[in-house]
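**Student:** Got a file for you: input_6.tsv, TSV, C-alpha atoms.
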```tsv
chain	number	residue	atom	x	y	z
A	1	MET	CA	-45.23	-4.06	-4.15
A	2	ARG	CA	-44.24	-3.59	-7.79
A	3	GLU	CA	-40.55	-3.50	-6.85
A	4	HIS	CA	-40.97	-6.72	-4.88
A	5	ASN	CA	-42.83	-8.42	-7.73
A	6	LEU	CA	-40.16	-7.44	-10.25
A	7	ALA	CA	-37.57	-9.18	-8.08
A	8	VAL	CA	-39.79	-12.24	-7.64
A	9	VAL	CA	-40.38	-12.64	-11.37
A	10	LEU	CA	-36.74	-12.06	-12.34
A	11	GLY	CA	-35.61	-14.51	-9.68
A	12	GLU	CA	-37.90	-17.22	-11.04
A	13	VAL	CA	-36.69	-16.56	-14.59
A	14	VAL	CA	-33.09	-17.03	-13.39
A	15	ARG	CA	-33.94	-20.28	-11.59
A	16	HIS	CA	-36.20	-21.87	-14.24
A	17	GLN	CA	-35.17	-20.42	-17.61
A	18	PRO	CA	-36.29	-20.89	-20.29
A	19	VAL	CA	-39.75	-20.51	-18.79
A	20	THR	CA	-43.15	-19.44	-20.14
A	21	ARG	CA	-45.35	-16.68	-18.77
A	22	ALA	CA	-47.92	-19.26	-17.74
A	23	ARG	CA	-45.33	-21.17	-15.75
A	24	LEU	CA	-44.10	-17.96	-14.13
A	25	ALA	CA	-47.66	-17.18	-13.05
A	26	ASP	CA	-47.84	-20.61	-11.40
A	27	LEU	CA	-44.46	-20.16	-9.71
A	28	THR	CA	-45.12	-16.65	-8.40
A	29	GLY	CA	-48.85	-16.77	-7.68
A	30	LEU	CA	-49.31	-13.63	-9.80
A	31	THR	CA	-51.80	-13.32	-12.61
A	32	LYS	CA	-50.65	-13.89	-16.18
A	33	THR	CA	-51.43	-10.26	-16.98
A	34	THR	CA	-49.30	-9.04	-14.07
A	35	VAL	CA	-46.45	-11.36	-15.07
A	36	SER	CA	-46.60	-10.12	-18.69
A	37	ASN	CA	-46.54	-6.48	-17.55
A	38	LEU	CA	-43.57	-7.08	-15.27
A	39	LEU	CA	-41.70	-8.95	-17.99
A	40	THR	CA	-42.26	-5.99	-20.31
A	41	VAL	CA	-40.60	-3.71	-17.76
A	42	LEU	CA	-37.72	-6.13	-17.24
A	43	GLY	CA	-37.32	-6.56	-20.99
A	44	GLU	CA	-37.18	-2.80	-21.59
A	45	GLY	CA	-34.43	-2.63	-18.98
A	46	GLY	CA	-32.38	-5.25	-20.83
A	47	LEU	CA	-32.76	-7.89	-18.12
A	48	VAL	CA	-34.89	-10.54	-19.88
A	49	ARG	CA	-35.77	-11.49	-23.43
A	50	ASP	CA	-38.10	-13.80	-25.29
A	51	GLY	CA	-36.86	-16.90	-27.04
A	52	GLY	CA	-38.43	-19.68	-29.03
A	53	PRO	CA	-41.67	-21.55	-28.32
A	54	VAL	CA	-41.80	-24.00	-25.40
A	55	ARG	CA	-44.50	-26.62	-24.89
A	56	GLU	CA	-45.42	-27.31	-21.28
A	57	GLY	CA	-47.62	-30.36	-21.12
A	58	GLU	CA	-49.34	-32.22	-23.93
A	59	ARG	CA	-52.26	-29.86	-24.53
A	60	GLY	CA	-52.55	-26.28	-25.59
A	61	ARG	CA	-50.42	-24.10	-27.76
A	62	PRO	CA	-46.71	-23.65	-27.01
A	63	GLY	CA	-45.75	-20.65	-24.90
A	64	VAL	CA	-42.92	-18.22	-25.55
A	65	ALA	CA	-39.81	-18.96	-23.55
A	66	VAL	CA	-38.37	-16.20	-21.37
A	67	SER	CA	-34.72	-16.13	-20.31
A	68	VAL	CA	-32.32	-13.64	-18.80
A	69	ASN	CA	-30.73	-11.38	-21.38
A	70	GLY	CA	-27.06	-12.23	-21.50
A	71	ASP	CA	-26.43	-9.39	-23.96
A	72	GLY	CA	-27.91	-6.55	-21.92
A	73	VAL	CA	-26.70	-5.79	-18.40
A	74	ALA	CA	-23.34	-6.76	-16.92
A	75	GLY	CA	-21.43	-6.51	-13.65
A	76	LEU	CA	-17.86	-5.31	-13.17
A	77	GLY	CA	-15.53	-6.91	-10.65
A	78	LEU	CA	-12.27	-5.21	-9.72
A	79	GLU	CA	-9.47	-6.33	-7.43
A	80	VAL	CA	-6.62	-4.53	-5.70
A	81	ASN	CA	-3.93	-6.85	-4.43
A	82	VAL	CA	-0.37	-6.36	-3.30
A	83	ASP	CA	1.19	-7.01	-6.68
A	84	TYR	CA	-1.59	-6.76	-9.22
A	85	LEU	CA	-4.82	-5.09	-10.28
A	86	SER	CA	-7.50	-7.01	-12.13
A	87	ALA	CA	-10.89	-6.56	-13.77
A	88	CYS	CA	-13.64	-8.93	-14.85
A	89	VAL	CA	-16.97	-8.33	-16.60
A	90	LEU	CA	-19.78	-10.86	-16.25
A	91	ASP	CA	-23.03	-10.67	-18.18
A	92	LEU	CA	-26.39	-11.52	-16.64
A	93	GLY	CA	-25.99	-15.07	-17.89
A	94	ARG	CA	-22.82	-15.29	-15.75
A	95	ARG	CA	-20.46	-15.53	-18.71
A	96	VAL	CA	-17.06	-13.86	-18.51
A	97	ARG	CA	-17.01	-11.20	-21.22
A	98	HIS	CA	-13.79	-9.40	-20.28
A	99	ARG	CA	-10.84	-10.34	-18.08
A	100	HIS	CA	-7.62	-8.39	-17.61
A	101	LEU	CA	-4.84	-8.49	-15.00
A	102	ILE	CA	-1.95	-6.05	-14.63
A	103	ALA	CA	1.08	-7.04	-12.55
A	104	THR	CA	2.19	-4.01	-10.54
A	105	ASP	CA	3.74	-3.40	-7.13
A	106	ASN	CA	1.19	-1.58	-4.96
A	107	ARG	CA	3.16	-1.69	-1.71
A	108	GLY	CA	3.86	1.76	-0.40
A	109	ARG	CA	1.87	3.43	-3.18
A	110	ALA	CA	-0.59	6.07	-2.04
A	111	PRO	CA	-4.15	4.72	-2.06
A	112	GLU	CA	-5.19	7.58	-4.34
A	113	ARG	CA	-2.65	6.54	-6.98
A	114	VAL	CA	-3.70	2.89	-6.80
A	115	ILE	CA	-7.38	3.79	-7.20
A	116	GLU	CA	-6.44	6.07	-10.10
A	117	SER	CA	-4.80	3.10	-11.85
A	118	LEU	CA	-7.79	0.92	-10.98
A	119	GLY	CA	-10.07	3.53	-12.53
A	120	ARG	CA	-8.19	3.31	-15.82
A	121	LEU	CA	-8.46	-0.48	-15.75
A	122	ALA	CA	-12.19	-0.16	-15.04
A	123	GLY	CA	-12.60	2.24	-17.95
A	124	GLN	CA	-11.00	-0.28	-20.30
A	125	ALA	CA	-13.30	-3.02	-19.03
A	126	ILE	CA	-16.40	-0.84	-19.46
A	127	ALA	CA	-15.32	0.07	-22.99
A	128	SER	CA	-14.82	-3.61	-23.83
A	129	ALA	CA	-18.28	-4.39	-22.48
A	130	SER	CA	-19.81	-1.52	-24.45
A	131	ASP	CA	-18.20	-2.80	-27.65
A	132	GLN	CA	-20.06	-6.06	-27.01
A	133	GLY	CA	-23.38	-4.26	-26.55
A	134	LEU	CA	-23.38	-4.58	-22.75
A	135	THR	CA	-24.35	-1.99	-20.16
A	136	VAL	CA	-22.25	-2.28	-17.00
A	137	ALA	CA	-24.62	-1.74	-14.10
A	138	GLY	CA	-22.13	-1.34	-11.27
A	139	ALA	CA	-18.83	-2.40	-9.78
A	140	VAL	CA	-17.63	-4.18	-6.66
A	141	VAL	CA	-13.98	-3.94	-5.62
A	142	ALA	CA	-12.10	-6.72	-3.83
A	143	LEU	CA	-9.60	-5.37	-1.30
A	144	PRO	CA	-7.09	-7.06	1.03
A	145	GLY	CA	-7.13	-6.28	4.70
A	146	VAL	CA	-9.63	-5.40	7.42
A	147	LEU	CA	-12.56	-3.56	5.90
A	148	ASP	CA	-15.52	-1.84	7.56
A	149	ARG	CA	-18.14	-2.09	4.82
A	150	ASP	CA	-20.64	0.16	6.64
A	151	SER	CA	-18.27	3.12	6.81
A	152	GLY	CA	-16.37	2.28	3.62
A	153	ARG	CA	-13.04	2.50	5.45
A	154	LEU	CA	-10.14	0.08	5.14
A	155	GLY	CA	-8.86	-0.18	8.69
A	156	ALA	CA	-5.61	-1.99	7.96
A	157	ALA	CA	-3.98	-3.66	4.97
A	158	PRO	CA	-0.50	-4.48	6.33
A	159	ASN	CA	0.91	-5.89	3.10
A	160	LEU	CA	-0.04	-2.70	1.25
A	161	GLY	CA	1.05	-0.42	4.07
A	162	TRP	CA	-2.43	1.15	4.23
A	163	ASN	CA	-4.12	2.19	7.47
A	164	ASP	CA	-7.52	3.83	8.02
A	165	VAL	CA	-8.11	4.60	4.34
A	166	PRO	CA	-11.52	5.98	3.19
A	167	VAL	CA	-11.64	3.61	0.24
A	168	GLY	CA	-15.38	4.11	-0.27
A	169	ASP	CA	-14.89	7.81	-0.96
A	170	LEU	CA	-11.82	7.14	-3.10
A	171	LEU	CA	-13.72	4.64	-5.25
A	172	ASP	CA	-16.64	7.06	-5.65
A	173	ALA	CA	-14.21	9.67	-6.93
A	174	GLY	CA	-11.80	7.47	-8.87
A	175	LEU	CA	-13.96	4.95	-10.73
A	176	PRO	CA	-16.04	5.72	-13.84
A	177	ALA	CA	-19.63	6.66	-13.02
A	178	LEU	CA	-22.07	3.75	-13.40
A	179	ARG	CA	-25.79	3.26	-12.77
A	180	LEU	CA	-25.15	1.81	-9.31
A	181	ARG	CA	-22.73	3.21	-6.76
A	182	PRO	CA	-19.49	1.19	-6.42
A	183	ASP	CA	-19.10	-1.07	-3.42
A	184	GLN	CA	-16.18	-2.87	-1.80
A	185	ASP	CA	-15.57	-6.06	0.14
A	186	ASN	CA	-12.73	-8.16	1.49
A	187	GLU	CA	-11.02	-10.18	-1.24
A	188	ALA	CA	-11.17	-13.43	0.74
A	189	ASN	CA	-14.94	-13.12	1.20
A	190	LEU	CA	-15.40	-12.41	-2.50
A	191	GLY	CA	-13.12	-15.32	-3.34
A	192	ALA	CA	-15.42	-17.59	-1.35
A	193	LEU	CA	-18.45	-16.21	-3.20
A	194	GLY	CA	-16.66	-16.75	-6.50
A	195	GLU	CA	-16.10	-20.39	-5.51
A	196	LEU	CA	-19.75	-20.75	-4.46
A	197	TRP	CA	-21.16	-19.27	-7.68
A	198	PHE	CA	-18.61	-20.27	-10.32
A	199	GLY	CA	-16.47	-23.02	-8.80
A	200	GLY	CA	-17.42	-26.03	-6.70
A	201	GLY	CA	-20.77	-24.48	-5.75
A	202	ARG	CA	-23.24	-25.85	-3.25
A	203	GLU	CA	-21.84	-29.37	-3.59
A	204	LEU	CA	-19.05	-28.16	-1.28
A	205	GLY	CA	-21.52	-27.73	1.59
A	206	ASP	CA	-20.21	-25.39	4.26
A	207	PHE	CA	-16.64	-24.59	3.31
A	208	VAL	CA	-13.52	-22.55	4.00
A	209	HIS	CA	-11.96	-21.06	0.87
A	210	VAL	CA	-8.26	-20.26	1.28
A	211	SER	CA	-7.01	-17.42	-0.90
A	212	GLY	CA	-3.24	-17.42	-1.04
A	213	GLU	CA	-1.28	-14.57	-2.59
A	214	VAL	CA	1.36	-12.44	-0.85
A	215	GLY	CA	-1.01	-12.62	2.11
A	216	VAL	CA	-3.23	-15.54	3.08
A	217	GLY	CA	-6.92	-15.09	3.78
A	218	ALA	CA	-9.99	-17.25	4.16
A	219	GLY	CA	-13.61	-16.82	3.19
A	220	ILE	CA	-16.13	-18.87	5.17
A	221	VAL	CA	-19.40	-20.01	3.59
A	222	VAL	CA	-22.15	-21.35	5.88
A	223	GLY	CA	-25.57	-22.23	4.52
A	224	GLY	CA	-24.79	-20.68	1.15
A	225	ARG	CA	-23.81	-17.32	2.66
A	226	VAL	CA	-20.52	-15.74	3.65
A	227	PHE	CA	-19.96	-15.76	7.40
A	228	ARG	CA	-18.44	-12.41	8.33
A	229	GLY	CA	-18.40	-12.52	12.13
A	230	ALA	CA	-19.82	-9.94	14.52
A	231	HIS	CA	-17.87	-7.05	13.01
A	232	GLY	CA	-17.11	-8.32	9.50
A	233	PHE	CA	-13.56	-9.40	10.25
A	234	ALA	CA	-13.87	-13.20	10.17
A	235	GLY	CA	-11.43	-15.20	8.07
A	236	GLU	CA	-8.06	-13.62	8.93
A	237	LEU	CA	-6.37	-17.00	8.54
A	238	GLY	CA	-3.04	-15.48	7.49
A	239	HIS	CA	-2.47	-14.06	10.96
A	240	ILE	CA	-2.91	-17.27	12.91
A	241	VAL	CA	0.46	-17.90	14.58
A	242	VAL	CA	1.98	-21.16	13.38
A	243	GLU	CA	5.59	-20.59	14.48
A	244	PRO	CA	5.72	-18.50	17.70
A	245	ASP	CA	9.43	-17.79	17.21
A	246	GLY	CA	9.04	-17.29	13.47
A	247	PRO	CA	9.72	-14.22	11.34
A	248	PRO	CA	8.10	-10.87	12.18
A	249	CYS	CA	4.90	-10.01	10.36
A	250	ALA	CA	3.64	-6.66	9.06
A	251	CYS	CA	0.68	-7.00	11.44
A	252	GLY	CA	3.08	-6.65	14.41
A	253	GLY	CA	3.11	-10.32	15.39
A	254	ARG	CA	5.61	-13.10	14.74
A	255	GLY	CA	5.32	-16.41	12.97
A	256	CYS	CA	2.02	-15.66	11.26
A	257	LEU	CA	0.90	-18.15	8.62
A	258	GLU	CA	1.46	-15.80	5.71
A	259	ARG	CA	5.10	-15.36	6.74
A	260	ILE	CA	5.53	-19.08	6.11
A	261	ALA	CA	2.93	-19.91	3.45
A	262	GLY	CA	2.47	-16.61	1.63
A	263	GLN	CA	3.64	-16.34	-1.95
A	264	GLU	CA	6.81	-14.37	-1.29
A	265	ALA	CA	7.69	-16.44	1.77
A	266	ILE	CA	7.56	-19.62	-0.32
A	267	LEU	CA	9.58	-18.09	-3.14
A	268	ARG	CA	12.27	-16.82	-0.79
A	269	ALA	CA	12.49	-20.17	0.97
A	270	ALA	CA	12.87	-21.80	-2.45
A	271	GLY	CA	15.65	-19.35	-3.33
A	272	LEU	CA	13.79	-17.84	-6.27
A	273	THR	CA	13.54	-14.16	-5.35
A	274	PRO	CA	15.66	-11.91	-3.12
A	275	ALA	CA	14.11	-10.10	-0.18
A	276	GLY	CA	12.54	-6.76	-0.99
A	277	THR	CA	11.53	-7.50	-4.57
A	278	THR	CA	8.05	-7.79	-5.96
A	279	VAL	CA	6.70	-10.71	-7.92
A	280	ALA	CA	3.80	-11.20	-10.28
A	281	SER	CA	1.06	-13.06	-8.45
A	282	THR	CA	0.08	-15.53	-11.15
A	283	VAL	CA	1.71	-17.45	-13.92
A	284	ALA	CA	-0.87	-15.89	-16.23
A	285	ALA	CA	0.37	-12.42	-15.29
A	286	ASP	CA	4.02	-13.26	-15.85
A	287	PRO	CA	4.69	-16.60	-17.63
A	288	ASP	CA	8.42	-16.08	-17.12
A	289	GLY	CA	8.17	-14.89	-13.52
A	290	PRO	CA	9.20	-16.55	-10.25
A	291	MET	CA	5.89	-18.38	-9.71
A	292	ALA	CA	6.30	-20.09	-13.07
A	293	ALA	CA	9.91	-20.80	-12.13
A	294	LEU	CA	8.80	-22.31	-8.83
A	295	ILE	CA	6.44	-24.71	-10.58
A	296	ALA	CA	9.20	-25.67	-13.03
A	297	THR	CA	11.66	-26.39	-10.21
A	298	LEU	CA	9.05	-28.43	-8.36
A	299	ARG	CA	8.42	-30.51	-11.46
A	300	ALA	CA	12.17	-31.03	-11.75
A	301	GLY	CA	12.31	-32.31	-8.17
A	302	ASP	CA	14.39	-29.45	-6.75
A	303	ALA	CA	14.95	-30.28	-3.08
A	304	ARG	CA	14.93	-26.69	-1.80
A	305	ALA	CA	11.69	-25.84	-3.61
A	306	LEU	CA	10.02	-29.04	-2.44
A	307	ALA	CA	11.02	-28.32	1.15
A	308	ALA	CA	9.69	-24.76	0.95
A	309	VAL	CA	6.30	-25.89	-0.35
A	310	GLU	CA	6.06	-28.74	2.15
A	311	ARG	CA	6.79	-26.35	5.03
A	312	ALA	CA	4.12	-23.98	3.71
A	313	GLY	CA	1.64	-26.84	3.40
A	314	ARG	CA	2.23	-28.03	6.94
A	315	ALA	CA	1.84	-24.49	8.29
A	316	LEU	CA	-1.35	-24.04	6.30
A	317	GLY	CA	-2.72	-27.38	7.48
A	318	SER	CA	-1.92	-26.46	11.08
A	319	ALA	CA	-3.74	-23.13	10.80
A	320	LEU	CA	-6.67	-24.79	9.06
A	321	SER	CA	-6.97	-27.38	11.83
A	322	THR	CA	-7.69	-24.51	14.22
A	323	ALA	CA	-10.32	-23.13	11.85
A	324	VAL	CA	-11.86	-26.56	11.30
A	325	ASN	CA	-12.11	-27.29	15.02
A	326	LEU	CA	-13.90	-23.97	15.50
A	327	LEU	CA	-16.15	-23.97	12.43
A	328	ASP	CA	-16.73	-27.64	11.51
A	329	PRO	CA	-16.90	-27.15	7.70
A	330	ASP	CA	-17.58	-29.89	5.17
A	331	THR	CA	-14.80	-28.83	2.81
A	332	VAL	CA	-11.57	-26.85	2.59
A	333	VAL	CA	-10.90	-25.26	-0.81
A	334	LEU	CA	-7.35	-24.39	-1.84
A	335	GLY	CA	-7.44	-21.26	-3.98
A	336	GLY	CA	-5.08	-18.54	-5.12
A	337	ILE	CA	-1.48	-19.72	-5.47
A	338	PHE	CA	-2.32	-22.94	-3.66
A	339	SER	CA	-4.34	-24.05	-6.69
A	340	PRO	CA	-1.41	-24.34	-9.15
A	341	LEU	CA	0.78	-25.62	-6.29
A	342	ALA	CA	-1.79	-28.19	-5.18
A	343	ALA	CA	0.08	-31.28	-6.42
A	344	TRP	CA	2.91	-30.47	-3.98
A	345	VAL	CA	1.21	-28.54	-1.17
A	346	ARG	CA	-1.98	-30.56	-0.74
A	347	PRO	CA	-0.42	-33.73	0.79
A	348	ALA	CA	1.25	-31.69	3.53
A	349	VAL	CA	-1.97	-29.72	4.17
A	350	GLU	CA	-3.99	-32.91	4.48
A	351	ASP	CA	-1.45	-34.53	6.78
A	352	ALA	CA	-1.25	-31.56	9.16
A	353	LEU	CA	-4.99	-31.02	9.04
A	354	GLY	CA	-5.59	-34.67	9.87
A	355	ARG	CA	-3.18	-34.59	12.79
A	356	GLY	CA	-4.84	-31.47	14.18
A	357	THR	CA	-8.45	-32.63	13.91
A	358	ALA	CA	-8.54	-36.44	14.05
A	359	LEU	CA	-9.18	-36.67	17.81
A	360	THR	CA	-11.95	-34.06	17.79
A	361	ARG	CA	-13.80	-34.95	14.59
A	362	GLY	CA	-13.16	-38.55	13.61
A	363	ARG	CA	-12.84	-37.46	9.98
A	364	THR	CA	-11.25	-34.42	8.43
A	365	PRO	CA	-12.98	-32.21	5.86
A	366	SER	CA	-12.35	-32.90	2.21
A	367	VAL	CA	-9.54	-30.78	0.77
A	368	VAL	CA	-10.31	-29.78	-2.82
A	369	VAL	CA	-8.59	-27.55	-5.34
A	370	SER	CA	-10.30	-24.49	-6.75
A	371	ARG	CA	-10.64	-24.35	-10.52
A	372	LEU	CA	-10.77	-20.55	-10.30
A	373	ALA	CA	-7.36	-20.13	-8.63
A	374	GLY	CA	-6.50	-16.41	-8.58
A	375	ASP	CA	-9.68	-15.42	-10.44
A	376	ALA	CA	-12.05	-16.27	-7.60
A	377	ALA	CA	-12.17	-12.85	-5.91
A	378	VAL	CA	-12.61	-10.75	-9.04
A	379	GLN	CA	-15.26	-13.12	-10.40
A	380	GLY	CA	-16.98	-13.07	-7.02
A	381	ALA	CA	-16.94	-9.27	-7.13
A	382	ALA	CA	-18.55	-9.19	-10.58
A	383	GLY	CA	-20.98	-11.91	-9.53
A	384	LEU	CA	-22.04	-9.85	-6.52
A	385	VAL	CA	-23.14	-7.06	-8.87
A	386	ILE	CA	-25.22	-9.58	-10.83
A	387	GLU	CA	-26.74	-11.02	-7.65
A	388	ARG	CA	-27.76	-7.56	-6.49
A	389	VAL	CA	-29.36	-6.74	-9.81
A	390	ILE	CA	-31.38	-9.96	-9.67
A	391	ALA	CA	-32.37	-9.36	-6.04
A	392	ASP	CA	-33.45	-5.74	-6.65
A	393	PRO	CA	-33.96	-5.01	-10.37
A	394	ALA	CA	-36.10	-1.97	-9.58
A	395	ARG	CA	-33.06	-0.14	-8.26
A	396	LEU	CA	-31.24	-0.56	-11.55
A	397	LEU	CA	-34.34	0.16	-13.65
A	398	THR	CA	-34.83	3.43	-11.80
A	399	ALA	CA	-31.22	4.39	-12.54
A	400	LEU	CA	-31.59	3.35	-16.18
A	401	SER	CA	-34.71	5.47	-16.56
A	402	ARG	CA	-32.50	8.53	-16.11
A	403	THR	CA	-30.28	7.48	-19.02
A	404	GLU	CA	-30.63	5.67	-22.28
A	405	ARG	CA	-31.77	2.11	-21.71
A	406	PRO	CA	-29.76	-0.78	-23.18
A	407	VAL	CA	-30.88	-2.48	-26.32
A	408	GLY	CA	-30.54	-6.25	-26.44
```
Please, can you express the file's structure as structure tokens?

**Tutor:**
Amino acid sequence: MREHNLAVVLGEVVRHQPVTRARLADLTGLTKTTVSNLLTVLGEGGLVRDGGPVREGERGRPGVAVSVNGDGVAGLGLEVNVDYLSACVLDLGRRVRHRHLIATDNRGRAPERVIESLGRLAGQAIASASDQGLTVAGAVVALPGVLDRDSGRLGAAPNLGWNDVPVGDLLDAGLPALRLRPDQDNEANLGALGELWFGGGRELGDFVHVSGEVGVGAGIVVGGRVFRGAHGFAGELGHIVVEPDGPPCACGGRGCLERIAGQEAILRAAGLTPAGTTVASTVAADPDGPMAALIATLRAGDARALAAVERAGRALGSALSTAVNLLDPDTVVLGGIFSPLAAWVRPAVEDALGRGTALTRGRTPSVVVSRLAGDAAVQGAAGLVIERVIADPARLLTALSRTERPVG
């Protein structure tokens, strides 16, 4: 009961902050004494703190405002992608306190070596958080490919060349020890959560978030929750066949969407990188790299680049029309590389999407551009740590009781 009540009180603080103890008693149905005792426990764990006086109503003395402690506990998000590793630290107030991306080619690298590099990146992020007075509670890792979250095994990540990898065990061994055990999830699902929590939010309604990098994935949000399918594999948009006689794909098929609309496919079609080379995934990672060059050539009106992006947009719109006819979302969100390319890719997406859904729906979903771009998955991963702390603070408090508690 106490564990449940801690979660109830912390949840109401998050939703109504700054809020007085009296108001929390009204919201939770608990006595003021019980609320005060629970807030003491949450405060000692670095999760809430008192602020200034707040007057609720015209009579009586002001109460003391309670808010989440943005300088106490934090969550760590990590991402492994084909050509980069990234880390993000969010505090309990959902502010980004650390963000770092390293461009590196992970194709063909042994999973153990990649996780070793990720562990070093995590250590730097934790040190940065510590320098700011934060205690990192736990980490969630965004991974590409088909992931069985129950067993912690990555069944297949074709673009990495990984098959049946025990990533859960590797993360346990390779990441710095934290209060909560590390977890992992598909990067497209975490990208959708990042968009829900830090991007367009609930105003998007039910939506499909497209994460475009070397591969193309989709996270599906229905009723404010990620839809995973019966076995957790929903959203493999990149392997919808859009050109049956198209180029072979690493998954074993031909003409898959990501072979037309993936980052490297677009760059090759635009003549900006030879086959077999790696590219930095974002302009932020490599301001002089081929993605930055692509945007420059598009702005200059280069015919080959414009044709490559239009072809990618039409392929993406075609694949999305299949998803829309099946799922009936309110909104499609263009994330990843499609965010900085939106001015050129979005018209073709909307045209193909309209052609593929007009007869069945009457109106097509809105197509919007993510403000998070390539940061969505890693922010979603860090946000998932924060959400779990809020949903079950007793779990973290128990772990903190074994170590020195944060001050803040």

**Student:** Name the residues in contact with Phe227 (chain A) at a cut-off of 12 Å, using all atoms listed in the file, excluding same-chain residues fewer than 4 positions from it; report them as a list in words.

**Tutor:**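 Everything that qualifies: Ala188, Asn189, Leu190, Ala192, Leu193, Asp206, Phe207, Val208, His209, Ala218, Gly219, Ile220, Val221, Val222, Gly223, His231, Gly232, Phe233, Ala234, Gly235, Leu327 and Pro329 of chain A.
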
**Student:** Which of these residues is nearest to Leu180 (chain A), using all atoms listed in the file: A:Val368, A:Val324, A:Ile386, A:Ala139?

**Tutor:**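 Checking each of A:Val368, A:Val324, A:Ile386, A:Ala139 against Leu180 (chain A), counting all atoms listed in the file, the winner is A:Ala139.
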
**Student:** May I ask for the distance between CA of Glu213 (chain A) and CA of Gly174 (chain A), given in Å to one decimal place?

**Tutor:**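 CA of Gly174 (chain A) lies at a distance of 25.2 Å from CA of Glu213 (chain A).
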
**Student:** With distances taken over only C-alpha atoms, which of A:Leu326, A:Ala25, A:Val332, A:Ile390 is nearest to Arg94 (chain A)?

**Tutor:**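 Of the candidates, the smallest distance to Arg94 (chain A) is held by A:Ile390.
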
**Student:** Could you give me, as a ChimeraX atom specification, the residues within 7 Å of region 243-249 of chain A, counting all atoms listed in the file and dropping anything in the same chain fewer than 6 positions from it?

**Tutor:** /A:255-256,259

**Student:** Could the residues in this selection be saved with C-alpha atoms as an mmCIF file, in the coordinates of the input?

**Tutor:**
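Saved result, out-v7.cif, follows:
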```cif
data_model
loop_
_atom_site.group_PDB
_atom_site.id
_atom_site.type_symbol
_atom_site.label_atom_id
_atom_site.label_comp_id
_atom_site.auth_asym_id
_atom_site.auth_seq_id
_atom_site.Cartn_x
_atom_site.Cartn_y
_atom_site.Cartn_z
ATOM 1 C CA GLY A 255 5.320 -16.410 12.970
ATOM 2 C CA CYS A 256 2.020 -15.660 11.260
ATOM 3 C CA ARG A 259 5.100 -15.360 6.740
#
```

**Student:** Can you tell me, as a PyMOL selection string, what residues are no more than 9 Å from Gly72 (chain A) when counting all atoms listed in the file, ignoring any on the same chain fewer than 3 positions away?

**Tutor:** chain A and resi 45-48+68-69+91-92+133-136+406-408

**Student:** When you count only C-alpha atoms, which of these residues is closest to Phe338 (chain A): A:Val241, A:Leu24, A:Val216, A:Ile260?

**Tutor:**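 Result for the nearest residue to Phe338 (chain A): A:Val216.
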
**Student:** Please provide the set of residues having any atom within 10 Å of Val54 (chain A), restricted to all atoms listed in the file, with same-chain residues fewer than 6 positions apart removed, written as a list in words.

**Tutor:**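 The filter keeps Pro18, Val19, Thr20, Arg61, Pro62, Gly63, Val64, Ala65 and Val66 of chain A.
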
**Student:** Rank A:Leu101, A:Val210, A:Leu39, A:Leu298 by their smallest atom-to-atom distance to Glu258 (chain A), using all atoms listed in the file, and report the top residue only.

**Tutor:**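 For Glu258 (chain A), the nearest of the given residues is A:Val210.
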
**Student:** If I take CA of Arg153 (chain A) and CA of Val165 (chain A), how far is one from the other in Å, to one decimal?

**Tutor:** 5.5 Å

**Student:** Using only C-alpha atoms, give me every residue within 8 Å of (-24.1, -13.4, -0.4) in file coordinates, as a ChimeraX atom specification.

**Tutor:** /A:193,224-226,384

**Student:** For a cutoff of 10 Å around the file-coordinate point (-3.8, -30.3, 7.9), which residues qualify once you count only C-alpha atoms? I'd like the result as JSON, numbers by chain.

**Tutor:** {"A": [313, 314, 315, 316, 317, 318, 319, 320, 321, 322, 324, 346, 347, 348, 349, 350, 351, 352, 353, 354, 355, 356, 357, 358, 364, 365, 367]}
